Structure formats: structure tokens, C-alpha cells
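S.K.: What follows is a single structure, and I will ask about it in a moment.
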Amino acid sequence: MQKKLYKSSTDRKLAGVCAGLAEYLNIDATIIRLLWVCAVLFAGVGILAYIIAALVIPNKPEEQ
């Protein structure tokens, strides 16, 4: 089965990007959130990357 990247609909804080990425990589969402905060604080591109990811990554389809 092929894995696809979706925004999380259950573990979302803002748009569900971090939780969706964590689910895709099979790691804890807190780790992704901490890495994203570091990217915002140190590199400054984290905010722009998050906005782009929130717009580009599709929502997880509801299972029937």
C-alpha cells in the first residue's frame, strides 16, 4: 500500500500539517512541532514553509 501525505484531521493544532507529517513519517507529532519551531526561530523560513504546506497538502479523506 502506498503512503500519502495528508493533513491530520484529528491531531491538529493549527492546520494539521505537523501531525500529518508525523503520521507519514511514523514519529511523534511533538518532535515535528519542535523542529518547526526551531526552523521559525533560527532560520526564519518556517512560517512561510508552514503556510505553503497548509495550502498544498490535502486534507485526509474521510473513511467510509
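Simple scheme: letters A, B, ... for chains in C-alpha cells order, numbers from 1 for residues in each chain, numbers from 1 for ligands in the order shown.
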Neighbouring residues of A:Arg33 were defined as those with any atom within 10 Å, considering only C-alpha atoms; residues of the same chain fewer than 5 positions away were excluded. Please report them as a list of chain:residue names.

M.R.: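 Result of the neighbour search: A:Lys13, A:Val17, A:Cys18, A:Ala19, A:Leu21, A:Ala22, A:Asp28, A:Cys38, A:Ala39.
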
S.K.: Just to confirm, what's the straight-line distance from atom CA of A:Met1 to atom CA of A:Ile31 in Å (one decimal)?

M.R.: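 Spanning atom CA of A:Met1 to atom CA of A:Ile31 is a straight-line distance of 25.5 Å.
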
S.K.: Could you work out how far atom CA of A:Ala43 lies from atom CA of A:Leu5, giving the answer in Å with one decimal?

M.R.: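 Those two atoms sit 24.2 Å apart.
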
S.K.: I'd like the neighbourhood of A:Thr10 as a ChimeraX atom specification, where a residue qualifies if any of its atoms comes within 12 Å (using only C-alpha atoms), though same-chain residues fewer than 2 positions away should be ignored.

M.R.: /A:6-8,12-20,23,29,59-62

S.K.: Would you return as a PyMOL selection string the members of chain A that DSSP assigns to helix (DSSP H, G or I) on this structure's backbone?

M.R.: chain A and resi 17-25+29-43+46-56

S.K.: Could you please take those selected residues and save N, CA and C atoms as an mmCIF file, in the first residue's frame?

M.R.:
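result02.cif, freshly written:
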data_model
loop_
_atom_site.group_PDB
_atom_site.id
_atom_site.type_symbol
_atom_site.label_atom_id
_atom_site.label_comp_id
_atom_site.auth_asym_id
_atom_site.auth_seq_id
_atom_site.Cartn_x
_atom_site.Cartn_y
_atom_site.Cartn_z
ATOM 1 N N VAL A 17 -0.715 20.271 9.683
ATOM 2 C CA VAL A 17 0.455 19.951 8.863
ATOM 3 C C VAL A 17 1.463 19.108 9.644
ATOM 4 N N CYS A 18 1.814 19.525 10.838
ATOM 5 C CA CYS A 18 2.819 18.811 11.628
ATOM 6 C C CYS A 18 2.356 17.402 11.980
ATOM 7 N N ALA A 19 1.108 17.267 12.395
ATOM 8 C CA ALA A 19 0.584 15.951 12.750
ATOM 9 C C ALA A 19 0.499 15.049 11.525
ATOM 10 N N GLY A 20 0.139 15.606 10.392
ATOM 11 C CA GLY A 20 0.087 14.818 9.168
ATOM 12 C C GLY A 20 1.466 14.356 8.729
ATOM 13 N N LEU A 21 2.448 15.234 8.854
ATOM 14 C CA LEU A 21 3.819 14.873 8.517
ATOM 15 C C LEU A 21 4.354 13.822 9.478
ATOM 16 N N ALA A 22 4.035 13.963 10.753
ATOM 17 C CA ALA A 22 4.466 12.980 11.746
ATOM 18 C C ALA A 22 3.823 11.620 11.492
ATOM 19 N N GLU A 23 2.565 11.618 11.112
ATOM 20 C CA GLU A 23 1.876 10.375 10.797
ATOM 21 C C GLU A 23 2.509 9.702 9.577
ATOM 22 N N TYR A 24 2.876 10.497 8.600
ATOM 23 C CA TYR A 24 3.513 9.984 7.382
ATOM 24 C C TYR A 24 4.878 9.375 7.694
ATOM 25 N N LEU A 25 5.633 10.007 8.607
ATOM 26 C CA LEU A 25 6.974 9.539 8.959
ATOM 27 C C LEU A 25 6.980 8.549 10.127
ATOM 28 N N ALA A 29 4.210 13.597 16.803
ATOM 29 C CA ALA A 29 3.933 14.924 16.256
ATOM 30 C C ALA A 29 4.653 16.024 17.023
ATOM 31 N N THR A 30 4.924 15.800 18.300
ATOM 32 C CA THR A 30 5.625 16.800 19.106
ATOM 33 C C THR A 30 7.029 17.053 18.570
ATOM 34 N N ILE A 31 7.679 16.036 18.081
ATOM 35 C CA ILE A 31 9.025 16.185 17.519
ATOM 36 C C ILE A 31 8.974 17.078 16.286
ATOM 37 N N ILE A 32 8.016 16.848 15.422
ATOM 38 C CA ILE A 32 7.870 17.672 14.212
ATOM 39 C C ILE A 32 7.556 19.115 14.596
ATOM 40 N N ARG A 33 6.699 19.291 15.595
ATOM 41 C CA ARG A 33 6.350 20.650 16.023
ATOM 42 C C ARG A 33 7.561 21.380 16.591
ATOM 43 N N LEU A 34 8.373 20.691 17.370
ATOM 44 C CA LEU A 34 9.589 21.308 17.915
ATOM 45 C C LEU A 34 10.575 21.670 16.808
ATOM 46 N N LEU A 35 10.733 20.787 15.835
ATOM 47 C CA LEU A 35 11.621 21.083 14.703
ATOM 48 C C LEU A 35 11.105 22.290 13.915
ATOM 49 N N TRP A 36 9.793 22.384 13.770
ATOM 50 C CA TRP A 36 9.213 23.501 13.030
ATOM 51 C C TRP A 36 9.426 24.812 13.777
ATOM 52 N N VAL A 37 9.288 24.778 15.101
ATOM 53 C CA VAL A 37 9.529 25.975 15.907
ATOM 54 C C VAL A 37 10.990 26.410 15.787
ATOM 55 N N CYS A 38 11.903 25.442 15.798
ATOM 56 C CA CYS A 38 13.323 25.769 15.616
ATOM 57 C C CYS A 38 13.561 26.399 14.249
ATOM 58 N N ALA A 39 12.888 25.899 13.227
ATOM 59 C CA ALA A 39 13.029 26.475 11.889
ATOM 60 C C ALA A 39 12.520 27.908 11.852
ATOM 61 N N VAL A 40 11.472 28.183 12.598
ATOM 62 C CA VAL A 40 10.927 29.545 12.653
ATOM 63 C C VAL A 40 11.891 30.464 13.390
ATOM 64 N N LEU A 41 12.398 30.002 14.526
ATOM 65 C CA LEU A 41 13.254 30.852 15.347
ATOM 66 C C LEU A 41 14.644 31.083 14.765
ATOM 67 N N PHE A 42 15.229 30.044 14.194
ATOM 68 C CA PHE A 42 16.618 30.150 13.743
ATOM 69 C C PHE A 42 16.761 30.486 12.261
ATOM 70 N N ALA A 43 15.951 29.917 11.432
ATOM 71 C CA ALA A 43 16.103 30.152 10.000
ATOM 72 C C ALA A 43 15.128 31.205 9.485
ATOM 73 N N GLY A 46 10.421 29.074 8.493
ATOM 74 C CA GLY A 46 9.435 28.113 8.971
ATOM 75 C C GLY A 46 8.006 28.578 8.798
ATOM 76 N N ILE A 47 7.755 29.856 8.992
ATOM 77 C CA ILE A 47 6.388 30.384 8.864
ATOM 78 C C ILE A 47 5.919 30.290 7.416
ATOM 79 N N LEU A 48 6.755 30.712 6.506
ATOM 80 C CA LEU A 48 6.408 30.640 5.082
ATOM 81 C C LEU A 48 6.238 29.184 4.641
ATOM 82 N N ALA A 49 7.119 28.313 5.093
ATOM 83 C CA ALA A 49 7.020 26.895 4.736
ATOM 84 C C ALA A 49 5.739 26.282 5.282
ATOM 85 N N TYR A 50 5.349 26.657 6.502
ATOM 86 C CA TYR A 50 4.111 26.127 7.097
ATOM 87 C C TYR A 50 2.893 26.592 6.302
ATOM 88 N N ILE A 51 2.869 27.853 5.925
ATOM 89 C CA ILE A 51 1.738 28.379 5.157
ATOM 90 C C ILE A 51 1.634 27.680 3.810
ATOM 91 N N ILE A 52 2.758 27.498 3.144
ATOM 92 C CA ILE A 52 2.753 26.804 1.853
ATOM 93 C C ILE A 52 2.298 25.364 2.028
ATOM 94 N N ALA A 53 2.811 24.687 3.062
ATOM 95 C CA ALA A 53 2.420 23.295 3.313
ATOM 96 C C ALA A 53 0.931 23.197 3.623
ATOM 97 N N ALA A 54 0.399 24.145 4.383
ATOM 98 C CA ALA A 54 -1.024 24.130 4.718
ATOM 99 C C ALA A 54 -1.895 24.305 3.478
ATOM 100 N N LEU A 55 -1.386 25.046 2.510
ATOM 101 C CA LEU A 55 -2.147 25.258 1.277
ATOM 102 C C LEU A 55 -2.006 24.110 0.287
ATOM 103 N N VAL A 56 -0.835 23.460 0.277
ATOM 104 C CA VAL A 56 -0.530 22.444 -0.733
ATOM 105 C C VAL A 56 -0.969 21.036 -0.313
#
